[in-house]
$ cat protein-v1.cif   # mmCIF, C-alpha atoms and all ligand atoms
data_work
#
loop_
_atom_site.label_atom_id
_atom_site.label_comp_id
_atom_site.auth_asym_id
_atom_site.auth_seq_id
_atom_site.Cartn_x
_atom_site.Cartn_y
_atom_site.Cartn_z
CA MET A 1270 -5.34 7.61 -24.98
CA THR A 1271 -1.58 7.14 -25.15
CA PHE A 1272 1.29 8.91 -23.41
CA GLN A 1273 2.05 10.65 -26.70
CA GLN A 1274 -1.53 11.87 -27.09
CA ILE A 1275 -1.67 13.25 -23.58
CA PHE A 1276 1.77 14.74 -23.19
CA GLY A 1277 2.61 15.52 -26.83
CA LYS A 1278 5.84 13.48 -26.85
CA PRO A 1279 6.85 9.85 -26.33
CA PRO A 1280 7.82 8.58 -22.84
CA GLU A 1281 11.50 8.39 -21.86
CA THR A 1282 11.10 5.06 -20.08
CA GLN A 1283 8.59 2.61 -18.63
CA ALA A 1284 8.37 -0.04 -15.91
CA SER A 1285 5.85 -2.60 -14.68
CA ALA A 1286 4.98 -4.35 -11.42
CA PRO A 1287 2.51 -7.17 -10.70
CA GLY A 1288 -0.41 -7.56 -8.32
CA ARG A 1289 -0.21 -10.32 -5.71
CA VAL A 1290 -2.19 -12.99 -3.90
CA ASN A 1291 -1.34 -14.46 -0.51
CA LEU A 1292 -1.20 -18.28 -0.61
CA LEU A 1293 -0.71 -18.91 3.09
CA GLY A 1294 -0.10 -16.92 6.26
CA GLU A 1295 -3.32 -14.94 6.80
CA HIS A 1296 -3.73 -12.47 9.67
CA THR A 1297 -0.16 -13.26 10.66
CA ASP A 1298 1.56 -10.05 9.51
CA TYR A 1299 0.37 -7.86 12.40
CA ASN A 1300 1.48 -10.64 14.75
CA ASP A 1301 5.07 -10.33 13.46
CA GLY A 1302 4.55 -13.65 11.67
CA PHE A 1303 5.15 -15.28 8.30
CA VAL A 1304 3.44 -14.79 4.93
CA LEU A 1305 3.65 -16.53 1.56
CA PRO A 1306 2.42 -14.35 -1.32
CA THR A 1307 3.02 -14.80 -5.04
CA ALA A 1308 2.71 -12.42 -7.97
CA ILE A 1309 -0.26 -12.67 -10.35
CA PRO A 1310 -0.03 -12.28 -14.16
CA GLN A 1311 -1.89 -8.94 -14.14
CA ASN A 1312 0.37 -5.94 -13.76
CA THR A 1313 0.56 -2.18 -13.78
CA THR A 1314 2.71 -0.28 -16.26
CA VAL A 1315 3.94 3.25 -15.73
CA GLN A 1316 5.32 5.25 -18.66
CA LEU A 1317 7.40 8.19 -17.61
CA GLY A 1318 8.92 11.36 -18.98
CA PHE A 1319 9.88 14.85 -17.84
CA SER A 1320 7.09 17.37 -17.38
CA SER A 1321 7.11 20.39 -19.71
CA ASP A 1322 6.27 22.79 -16.86
CA ASP A 1323 6.77 22.99 -13.08
CA LYS A 1324 3.99 20.52 -12.20
CA HIS A 1325 3.81 16.74 -11.97
CA HIS A 1326 1.17 15.42 -14.37
CA ILE A 1327 -0.34 12.01 -13.66
CA TYR A 1328 -2.77 10.25 -15.98
CA SER A 1329 -4.56 6.94 -15.35
CA GLU A 1330 -5.85 5.20 -18.45
CA ASN A 1331 -8.02 2.97 -16.25
CA LEU A 1332 -9.77 5.93 -14.65
CA GLN A 1333 -9.33 8.21 -17.70
CA GLU A 1334 -8.39 10.91 -15.28
CA GLN A 1335 -5.52 13.40 -15.21
CA ILE A 1336 -4.22 15.15 -12.10
CA SER A 1337 -1.68 17.97 -12.05
CA ILE A 1338 0.27 18.65 -8.87
CA LEU A 1339 2.12 21.86 -8.22
CA ASP A 1340 3.74 21.25 -4.83
CA VAL A 1341 3.59 19.62 -1.43
CA GLU A 1342 1.33 22.40 -0.10
CA HIS A 1343 -1.39 21.05 -2.37
CA PRO A 1344 -1.20 17.24 -2.09
CA PRO A 1345 -3.69 15.33 -4.25
CA SER A 1346 -6.31 12.93 -2.93
CA GLY A 1347 -7.47 9.79 -4.72
CA PHE A 1348 -5.31 7.71 -7.03
CA ALA A 1349 -2.67 10.40 -7.58
CA SER A 1350 -1.86 10.38 -3.84
CA TYR A 1351 -0.14 6.98 -4.20
CA ILE A 1352 2.21 8.32 -6.90
CA PHE A 1353 2.68 11.71 -5.28
CA GLY A 1354 3.58 9.75 -2.13
CA CYS A 1355 6.26 7.83 -4.06
CA ILE A 1356 7.77 11.10 -5.30
CA GLU A 1357 7.69 12.67 -1.83
CA VAL A 1358 9.29 9.70 -0.04
CA LEU A 1359 12.11 9.79 -2.61
CA LYS A 1360 12.61 13.49 -1.84
CA LYS A 1361 12.62 12.73 1.90
CA ALA A 1362 15.28 10.08 1.21
CA GLY A 1363 17.43 12.88 -0.24
CA TYR A 1364 16.85 12.57 -3.97
CA THR A 1365 16.08 15.52 -6.23
CA ILE A 1366 13.02 14.75 -8.33
CA PRO A 1367 12.20 17.06 -11.25
CA PRO A 1368 8.59 17.63 -12.38
CA LEU A 1369 7.42 14.40 -14.04
CA ALA A 1370 4.80 13.22 -16.52
CA LEU A 1371 3.40 9.76 -15.67
CA TYR A 1372 0.98 7.58 -17.60
CA VAL A 1373 -0.55 4.60 -15.75
CA ASN A 1374 -2.23 1.57 -17.28
CA SER A 1375 -3.08 -1.59 -15.37
CA SER A 1376 -4.68 -5.00 -15.75
CA VAL A 1377 -4.81 -5.56 -11.97
CA PRO A 1378 -8.44 -5.28 -10.81
CA MET A 1379 -8.71 -2.33 -8.43
CA GLY A 1380 -10.01 -2.87 -4.90
CA SER A 1381 -10.39 -6.66 -5.24
CA GLY A 1382 -7.64 -7.54 -2.78
CA LEU A 1383 -5.02 -8.24 -5.46
CA SER A 1384 -3.05 -5.18 -4.46
CA SER A 1385 -3.39 -2.82 -7.37
CA SER A 1386 -2.15 -0.13 -4.97
CA ALA A 1387 1.22 -1.82 -4.37
CA ALA A 1388 1.58 -2.54 -8.10
CA LEU A 1389 1.00 1.15 -8.80
CA GLU A 1390 3.60 2.25 -6.25
CA VAL A 1391 6.25 -0.28 -7.21
CA ALA A 1392 5.82 0.36 -10.95
CA SER A 1393 6.04 4.13 -10.37
CA LEU A 1394 9.19 3.85 -8.26
CA ARG A 1395 10.80 1.45 -10.73
CA ALA A 1396 10.12 3.86 -13.58
CA ILE A 1397 11.52 6.83 -11.62
CA ARG A 1398 14.58 4.77 -10.58
CA GLN A 1399 15.22 4.02 -14.24
CA LEU A 1400 14.68 7.56 -15.49
CA LEU A 1401 16.92 9.18 -12.88
CA ASN A 1402 19.35 6.30 -12.37
CA LEU A 1403 18.67 6.15 -8.62
CA PRO A 1404 20.80 3.72 -6.55
CA ILE A 1405 17.88 2.00 -4.77
CA ASP A 1406 17.32 -1.76 -4.62
CA ASP A 1407 14.10 -3.76 -4.80
CA VAL A 1408 13.69 -4.04 -1.03
CA GLU A 1409 14.05 -0.26 -0.70
CA ILE A 1410 11.47 0.14 -3.46
CA ALA A 1411 9.06 -1.96 -1.37
CA GLN A 1412 9.80 0.04 1.79
CA LEU A 1413 9.42 3.40 0.02
CA SER A 1414 6.14 2.15 -1.50
CA GLN A 1415 4.81 1.21 1.94
CA GLN A 1416 5.79 4.64 3.32
CA ALA A 1417 4.02 6.32 0.40
CA GLU A 1418 0.83 4.31 1.03
CA ILE A 1419 0.84 4.94 4.79
CA HIS A 1420 1.75 8.63 4.82
CA TYR A 1421 0.23 9.93 1.57
CA ALA A 1422 -2.67 7.56 0.74
CA GLY A 1423 -3.56 7.18 4.42
CA VAL A 1424 -3.68 3.36 4.45
CA GLN A 1425 -2.13 1.62 7.48
CA CYS A 1426 -0.70 -1.27 5.48
CA GLY A 1427 1.96 -3.85 6.32
CA ILE A 1428 4.93 -4.55 4.06
CA MET A 1429 3.66 -7.78 2.44
CA ASP A 1430 1.96 -6.31 -0.63
CA GLN A 1431 4.86 -4.11 -1.65
CA MET A 1432 7.48 -6.80 -1.00
CA ALA A 1433 5.48 -9.30 -3.07
CA SER A 1434 5.04 -6.86 -5.95
CA SER A 1435 8.71 -5.88 -5.85
CA LEU A 1436 10.32 -9.32 -5.27
CA ALA A 1437 7.98 -12.10 -6.42
CA ASP A 1438 6.96 -13.19 -9.91
CA THR A 1439 4.28 -15.57 -11.13
CA GLU A 1440 6.61 -18.58 -10.99
CA HIS A 1441 7.82 -17.84 -7.48
CA ILE A 1442 6.40 -17.37 -4.02
CA LEU A 1443 7.93 -15.04 -1.51
CA PHE A 1444 8.44 -16.33 2.01
CA LEU A 1445 8.60 -13.26 4.24
CA ASP A 1446 9.27 -12.95 7.95
CA THR A 1447 7.37 -9.74 8.66
CA ARG A 1448 9.38 -9.07 11.84
CA THR A 1449 12.92 -9.35 10.48
CA LEU A 1450 12.16 -8.97 6.74
CA GLU A 1451 14.18 -12.17 6.26
CA ARG A 1452 12.89 -13.62 3.03
CA ARG A 1453 13.28 -16.36 0.51
CA VAL A 1454 12.04 -16.53 -3.06
CA MET A 1455 10.95 -20.11 -3.79
CA PRO A 1456 9.48 -21.76 -6.89
CA LEU A 1457 5.76 -22.56 -6.88
CA PRO A 1458 5.23 -26.26 -6.16
CA THR A 1459 6.03 -28.20 -9.35
CA GLY A 1460 2.97 -29.13 -11.38
CA ALA A 1461 0.71 -26.57 -9.75
CA GLU A 1462 -0.87 -23.28 -10.71
CA ILE A 1463 -3.12 -20.76 -9.03
CA ILE A 1464 -6.71 -19.70 -9.46
CA VAL A 1465 -8.15 -16.68 -7.64
CA MET A 1466 -11.91 -16.16 -7.51
CA ASP A 1467 -13.97 -13.28 -6.24
CA SER A 1468 -16.88 -14.39 -4.05
CA GLY A 1469 -18.97 -11.43 -5.19
CA VAL A 1470 -19.59 -10.60 -1.52
CA PRO A 1471 -18.16 -7.21 -0.52
CA ARG A 1472 -15.94 -6.98 2.57
CA THR A 1473 -18.46 -4.95 4.54
CA LEU A 1474 -17.38 -5.85 8.08
CA ALA A 1475 -13.75 -6.07 7.12
CA SER A 1476 -12.38 -2.99 8.87
CA SER A 1477 -14.24 -3.34 12.18
CA GLY A 1478 -13.62 -7.10 12.27
CA TYR A 1479 -9.96 -6.57 11.39
CA ASN A 1480 -9.43 -4.03 14.18
CA GLN A 1481 -11.16 -6.31 16.68
CA ARG A 1482 -8.94 -9.27 15.71
CA ARG A 1483 -5.85 -7.12 16.01
CA ALA A 1484 -6.88 -6.06 19.51
CA GLU A 1485 -7.64 -9.67 20.50
CA CYS A 1486 -4.20 -10.80 19.31
CA GLU A 1487 -2.49 -8.01 21.26
CA GLU A 1488 -4.40 -9.02 24.37
CA ALA A 1489 -3.54 -12.71 23.86
CA ALA A 1490 0.16 -11.84 23.46
CA ARG A 1491 0.03 -9.71 26.61
CA LEU A 1492 -1.57 -12.52 28.63
CA LEU A 1493 1.03 -14.99 27.34
CA GLY A 1494 3.84 -12.56 28.18
CA VAL A 1495 5.27 -12.32 24.67
CA LYS A 1496 5.95 -9.35 22.40
CA ALA A 1497 3.77 -10.78 19.63
CA LEU A 1498 2.00 -14.09 18.95
CA ARG A 1499 4.79 -14.93 16.54
CA ASP A 1500 6.87 -15.71 19.65
CA VAL A 1501 4.57 -18.63 20.54
CA THR A 1502 5.42 -21.82 18.68
CA ASP A 1503 3.81 -24.44 20.96
CA VAL A 1504 0.08 -24.41 20.30
CA LYS A 1505 -0.59 -25.96 23.76
CA LEU A 1506 0.23 -22.62 25.38
CA THR A 1507 -2.84 -21.06 23.77
CA GLU A 1508 -5.14 -23.41 25.72
CA THR A 1509 -4.58 -21.40 28.90
CA LEU A 1510 -6.22 -18.32 27.35
CA PRO A 1511 -9.91 -17.47 27.85
CA GLU A 1512 -12.43 -17.73 25.01
CA PRO A 1513 -12.17 -16.48 22.28
CA LEU A 1514 -8.52 -15.43 22.68
CA ASN A 1515 -7.49 -19.10 22.86
CA ARG A 1516 -8.89 -19.72 19.38
CA ARG A 1517 -7.59 -16.46 17.92
CA ALA A 1518 -4.09 -17.31 19.18
CA ARG A 1519 -4.41 -20.92 18.02
CA HIS A 1520 -5.09 -19.69 14.48
CA VAL A 1521 -2.02 -17.46 14.45
CA VAL A 1522 0.29 -20.12 15.93
CA THR A 1523 -0.90 -22.92 13.65
CA GLU A 1524 -0.91 -20.61 10.61
CA ASN A 1525 2.70 -19.59 11.23
CA ASN A 1526 3.62 -23.26 11.60
CA ARG A 1527 1.90 -24.04 8.29
CA VAL A 1528 3.97 -21.40 6.49
CA LEU A 1529 7.15 -22.71 8.10
CA GLU A 1530 6.29 -26.23 6.94
CA VAL A 1531 6.08 -25.00 3.33
CA LEU A 1532 9.49 -23.43 3.78
CA GLN A 1533 10.90 -26.93 4.37
CA GLY A 1534 9.71 -27.93 0.87
CA VAL A 1535 6.38 -29.72 0.36
CA THR A 1536 4.53 -31.49 -2.44
CA PRO A 1537 1.58 -29.70 -4.08
CA GLU A 1538 -0.71 -32.19 -2.31
CA ARG A 1539 0.67 -31.21 1.08
CA PHE A 1540 0.60 -27.52 0.17
CA GLY A 1541 -3.09 -27.97 -0.66
CA GLN A 1542 -3.79 -29.70 2.67
CA LEU A 1543 -2.16 -26.80 4.47
CA MET A 1544 -4.36 -24.33 2.55
CA ASN A 1545 -7.47 -26.35 3.50
CA ALA A 1546 -6.37 -26.37 7.14
CA SER A 1547 -5.77 -22.63 6.93
CA HIS A 1548 -9.33 -22.06 5.73
CA ALA A 1549 -10.80 -24.23 8.51
CA SER A 1550 -8.74 -22.30 11.04
CA LEU A 1551 -9.82 -18.90 9.61
CA ARG A 1552 -13.44 -20.08 9.65
CA ASP A 1553 -13.64 -21.80 13.05
CA ASP A 1554 -10.91 -20.27 15.22
CA TYR A 1555 -10.40 -16.82 13.73
CA GLU A 1556 -14.03 -16.41 12.57
CA VAL A 1557 -13.33 -14.17 9.59
CA SER A 1558 -15.10 -16.26 6.93
CA VAL A 1559 -18.68 -15.84 5.70
CA PRO A 1560 -21.07 -18.44 4.18
CA ALA A 1561 -20.29 -17.34 0.60
CA LEU A 1562 -16.53 -17.87 1.08
CA ASP A 1563 -17.10 -21.22 2.79
CA THR A 1564 -19.34 -22.30 -0.10
CA LEU A 1565 -16.87 -21.26 -2.80
CA VAL A 1566 -13.91 -22.79 -0.97
CA GLU A 1567 -15.78 -26.07 -0.48
CA ILE A 1568 -16.74 -26.21 -4.18
CA LEU A 1569 -13.12 -25.62 -5.15
CA GLN A 1570 -11.84 -28.19 -2.65
CA ASN A 1571 -14.21 -30.81 -4.13
CA THR A 1572 -13.29 -30.08 -7.76
CA ALA A 1573 -11.00 -32.56 -9.54
CA GLY A 1574 -7.45 -31.29 -9.89
CA VAL A 1575 -7.61 -28.91 -6.90
CA PHE A 1576 -4.94 -29.51 -4.27
CA GLY A 1577 -6.43 -27.06 -1.78
CA ALA A 1578 -8.35 -23.80 -1.39
CA ARG A 1579 -8.95 -21.09 1.18
CA LEU A 1580 -10.14 -17.54 1.60
CA THR A 1581 -7.41 -15.00 0.96
CA GLY A 1582 -7.08 -11.48 2.32
CA ALA A 1583 -8.71 -10.21 5.50
CA GLY A 1584 -11.93 -12.18 4.98
CA PHE A 1585 -15.55 -11.09 5.68
CA GLY A 1586 -16.06 -11.39 1.89
CA GLY A 1587 -13.60 -10.86 -0.94
CA ALA A 1588 -11.56 -13.53 -2.67
CA CYS A 1589 -10.51 -17.20 -2.49
CA VAL A 1590 -7.33 -18.76 -3.79
CA ALA A 1591 -6.78 -22.38 -4.84
CA LEU A 1592 -3.76 -24.42 -5.83
CA VAL A 1593 -4.65 -26.48 -8.90
CA ALA A 1594 -2.81 -29.08 -11.02
CA SER A 1595 -1.10 -27.36 -13.97
CA GLY A 1596 -3.20 -27.17 -17.10
CA LYS A 1597 -6.48 -27.80 -15.27
CA VAL A 1598 -7.80 -24.26 -15.16
CA ASP A 1599 -9.68 -23.74 -18.41
CA ALA A 1600 -13.14 -22.68 -19.55
CA ARG A 1601 -14.69 -26.00 -18.48
CA PHE A 1602 -13.16 -25.81 -15.03
CA ALA A 1603 -14.37 -22.23 -14.57
CA ALA A 1604 -17.88 -23.02 -15.84
CA HIS A 1605 -18.13 -25.99 -13.49
CA VAL A 1606 -17.16 -23.97 -10.41
CA LEU A 1607 -19.12 -20.82 -11.30
CA GLU A 1608 -22.24 -22.86 -12.12
CA GLN A 1609 -22.19 -24.72 -8.80
CA TYR A 1610 -21.54 -21.48 -6.93
CA SER A 1611 -24.46 -19.77 -8.64
CA GLN A 1612 -26.75 -22.61 -7.52
CA SER A 1613 -26.12 -21.40 -3.98
CA GLY A 1614 -27.39 -17.96 -5.01
CA TYR A 1615 -24.04 -16.19 -5.42
CA THR A 1616 -22.29 -14.68 -8.42
CA GLY A 1617 -18.56 -15.34 -8.53
CA ARG A 1618 -15.85 -14.24 -10.91
CA VAL A 1619 -12.47 -15.62 -11.91
CA LEU A 1620 -9.80 -12.97 -11.20
CA VAL A 1621 -6.71 -15.07 -11.98
CA PRO A 1622 -5.95 -16.28 -14.61
CA SER A 1623 -7.45 -13.45 -16.65
CA LEU A 1624 -8.47 -15.42 -19.71
CA GLY A 1625 -12.06 -14.32 -20.08
CA LEU A 1626 -13.08 -17.41 -18.11
CA ASN A 1627 -16.05 -15.60 -16.61
CA ASP A 1628 -17.87 -15.84 -19.90
CA ALA A 1629 -17.58 -19.61 -19.75
CA ALA A 1630 -20.55 -20.16 -17.44
P1 LIG A 1701 -6.17 -3.15 -3.85
O1 LIG A 1701 -4.78 -2.72 -3.58
O2 LIG A 1701 -6.54 -4.41 -3.15
O3 LIG A 1701 -6.49 -3.24 -5.31
P2 LIG A 1701 -6.70 -0.65 -2.58
O4 LIG A 1701 -7.94 -0.03 -2.07
O5 LIG A 1701 -5.57 -0.85 -1.65
O6 LIG A 1701 -7.14 -2.04 -3.24
O7 LIG A 1701 -6.12 0.19 -3.80
C1 LIG A 1701 -6.96 0.58 -4.87
C2 LIG A 1701 -6.70 2.04 -5.22
O8 LIG A 1701 -5.39 2.18 -5.80
C3 LIG A 1701 -7.65 2.58 -6.26
O9 LIG A 1701 -8.86 3.04 -5.67
C4 LIG A 1701 -6.83 3.72 -6.87
O10 LIG A 1701 -6.87 4.86 -6.03
C5 LIG A 1701 -5.42 3.17 -6.81
N1 LIG A 1701 -5.04 2.54 -8.09
C6 LIG A 1701 -4.57 1.29 -8.26
N2 LIG A 1701 -4.34 1.03 -9.57
C7 LIG A 1701 -4.66 2.15 -10.26
C8 LIG A 1701 -4.66 2.53 -11.65
N3 LIG A 1701 -4.27 1.68 -12.60
N4 LIG A 1701 -5.08 3.76 -11.97
C9 LIG A 1701 -5.48 4.63 -11.01
N5 LIG A 1701 -5.51 4.33 -9.70
C10 LIG A 1701 -5.11 3.11 -9.31
MG MG A 1702 -3.98 -2.18 -1.64
#

$ encode --input "protein-v1.cif" --output "structure tokens"
Amino acid sequence: MTFQQIFGKPPETQASAPGRVNLLGEHTDYNDGFVLPTAIPQNTTVQLGFSSDDKHHIYSENLQEQISILDVEHPPSGFASYIFGCIEVLKKAGYTIPPLALYVNSSVPMGSGLSSSAALEVASLRAIRQLLNLPIDDVEIAQLSQQAEIHYAGVQCGIMDQMASSLADTEHILFLDTRTLERRVMPLPTGAEIIVMDSGVPRTLASSGYNQRRAECEEAARLLGVKALRDVTDVKLTETLPEPLNRRARHVVTENNRVLEVLQGVTPERFGQLMNASHASLRDDYEVSVPALDTLVEILQNTAGVFGARLTGAGFGGACVALVASGKVDARFAAHVLEQYSQSGYTGRVLVPSLGLNDAA
């Protein structure tokens, strides 16, 4: 279905925003630390026009579902809550928003850790900014998106996903200091590209494990007398902590230092080494990997043309990301990796690039 078919007229405007993958800086955001995401080629497009009545009408082509919203007394649940949240945070910021008709279509896989939710929010806010000529910049779009997700979709998220979707593109990585929001957009290492693979293992323990790690980091920071682990730069200090807080803190400190090293400018080879070290640290010190992720990461690390690989996202299942020499990722590459992975009894999937590479194996 098209916008025209659903709403009986063409859209007034449209805007897009990409999904994202985090290359380095995992489990650092809630420690006030540093992250290094980049945009992926898949994106979400929102077509927008004025509603013909007093309701907002939101249609998702991906879900083939339409939701109509009358007012704030009757907030929607599900996918429309992200967009309703965007409209409400704009109102709270003082803007008058008329009833809207929105049509959503996306190539970002939903719920795979590539941040389809941030892409949806940023694309919606961009489209509304365009339609109503609102004087908001890209950082404000990210902040409004985060507020929408926290207060209307009920997800306690950081700011990384929305900043990446709003500020990065596929040629650039976003260095972000999650405490100060100081940031720098940098080119991807020359001669390198990205592959993201789904391990096929769901993130079952993700939320309990995530909350436990957060609590451990808070306790480690308290024992070290700092506001957050980001304030520790000398890894030796973590040795005074009891098990397992010493290893949890060591991961955060070394991970932040790895991101800061990239900021100085590194070769793709060095970038890859830092990703490999990040995975080892997430596996051994932070203990958020699982055998499937270790297997897939090891296969990638041992494949010709790969500079480095690691799990990405919270862990306990989910996806891996690798930095690969430009031009290497093709059907043969995908078949080679997927075939080896399947020999270990798992079924993986290439998420990025989205070139139908999964049919290769
Ligand atoms: P991720 O952001 O990693 O993809 P989330 O669970 O944070 O996973 O967000 C996924 C949710 O975002 C979906 O369940 C849906 O509610 C919403 N969403 C994202 N993209 C779309 C879309 N194109 N159409 C409808 N809903 C979407
Ligand atoms: Mg999300």

$ atom_distance --input "protein-v1.cif" --atom1 "atom CA of A:Glu1530" --atom2 "atom CA of A:Met1455"
13.2 Å

$ closest_residue --input "protein-v1.cif" --among "A:Tyr1555, A:Thr1365, A:Pro1537, A:Val1522" --to "A:Arg1483" --atoms "all atoms listed in the file"
A:Tyr1555

$ atom_distance --input "protein-v1.cif" --atom1 "atom O6 of ligand LIG 1701 (chain A)" --atom2 "atom CA of A:Ile1405"
25.4 Å

$ residues_near_ligand --input "protein-v1.cif" --ligand "ligand LIG 1701 (chain A)" --cutoff "6 Å" --atoms "all atoms listed in the file" --output "ChimeraX atom specification"
/A:1329,1331-1332,1347-1348,1373-1375,1379-1386,1389

$ atom_distance --input "protein-v1.cif" --atom1 "atom CA of A:Thr1564" --atom2 "atom CA of A:Leu1529"
27.7 Å

$ residues_near_point --input "protein-v1.cif" --point "(7.8, -4.5, -15.3)" --cutoff "12 Å" --atoms "all atoms listed in the file" --output "mmCIF file with C-alpha atoms, keeping the file's coordinate frame"
data_model
loop_
_atom_site.group_PDB
_atom_site.id
_atom_site.type_symbol
_atom_site.label_atom_id
_atom_site.label_comp_id
_atom_site.auth_asym_id
_atom_site.auth_seq_id
_atom_site.Cartn_x
_atom_site.Cartn_y
_atom_site.Cartn_z
ATOM 1 C CA THR A 1282 11.100 5.060 -20.080
ATOM 2 C CA GLN A 1283 8.590 2.610 -18.630
ATOM 3 C CA ALA A 1284 8.370 -0.040 -15.910
ATOM 4 C CA SER A 1285 5.850 -2.600 -14.680
ATOM 5 C CA ALA A 1286 4.980 -4.350 -11.420
ATOM 6 C CA PRO A 1287 2.510 -7.170 -10.700
ATOM 7 C CA GLY A 1288 -0.410 -7.560 -8.320
ATOM 8 C CA ALA A 1308 2.710 -12.420 -7.970
ATOM 9 C CA PRO A 1310 -0.030 -12.280 -14.160
ATOM 10 C CA GLN A 1311 -1.890 -8.940 -14.140
ATOM 11 C CA ASN A 1312 0.370 -5.940 -13.760
ATOM 12 C CA THR A 1313 0.560 -2.180 -13.780
ATOM 13 C CA THR A 1314 2.710 -0.280 -16.260
ATOM 14 C CA VAL A 1315 3.940 3.250 -15.730
ATOM 15 C CA GLN A 1316 5.320 5.250 -18.660
ATOM 16 C CA ASN A 1374 -2.230 1.570 -17.280
ATOM 17 C CA SER A 1375 -3.080 -1.590 -15.370
ATOM 18 C CA ALA A 1388 1.580 -2.540 -8.100
ATOM 19 C CA LEU A 1389 1.000 1.150 -8.800
ATOM 20 C CA VAL A 1391 6.250 -0.280 -7.210
ATOM 21 C CA ALA A 1392 5.820 0.360 -10.950
ATOM 22 C CA SER A 1393 6.040 4.130 -10.370
ATOM 23 C CA LEU A 1394 9.190 3.850 -8.260
ATOM 24 C CA ARG A 1395 10.800 1.450 -10.730
ATOM 25 C CA ALA A 1396 10.120 3.860 -13.580
ATOM 26 C CA GLN A 1399 15.220 4.020 -14.240
ATOM 27 C CA SER A 1434 5.040 -6.860 -5.950
ATOM 28 C CA SER A 1435 8.710 -5.880 -5.850
ATOM 29 C CA LEU A 1436 10.320 -9.320 -5.270
ATOM 30 C CA ALA A 1437 7.980 -12.100 -6.420
ATOM 31 C CA ASP A 1438 6.960 -13.190 -9.910
#

$ residues_around --input "protein-v1.cif" --residues "A:Leu1506" --least-positions-apart "3" --cutoff "12 Å" --atoms "all atoms listed in the file" --output "ChimeraX atom specification"
/A:1489-1490,1492-1495,1498,1500-1503,1509-1511,1514-1516,1518-1519,1522-1523

$ closest_residue --input "protein-v1.cif" --among "A:Ile1327, A:Leu1339, A:Leu1457, A:Cys1426" --to "A:Phe1444" --atoms "all atoms listed in the file"
A:Leu1457

$ closest_residue --input "protein-v1.cif" --among "A:Val1341, A:Leu1359, A:Ile1428, A:Ile1410" --to "ligand MG 1702 (chain A)" --atoms "all atoms listed in the file"
A:Ile1428

$ residues_around --input "protein-v1.cif" --residues "stretch 1271-1280 of chain A" --least-positions-apart "3" --cutoff "6 Å" --atoms "only C-alpha atoms" --output "list in words"
Gln1316, Leu1317, Gly1318 and Tyr1372 of chain A

$ closest_residue --input "protein-v1.cif" --among "A:Met1270, A:Ala1546, A:Ile1463, A:Val1531" --to "A:Asp1599" --atoms "all atoms listed in the file"
A:Ile1463
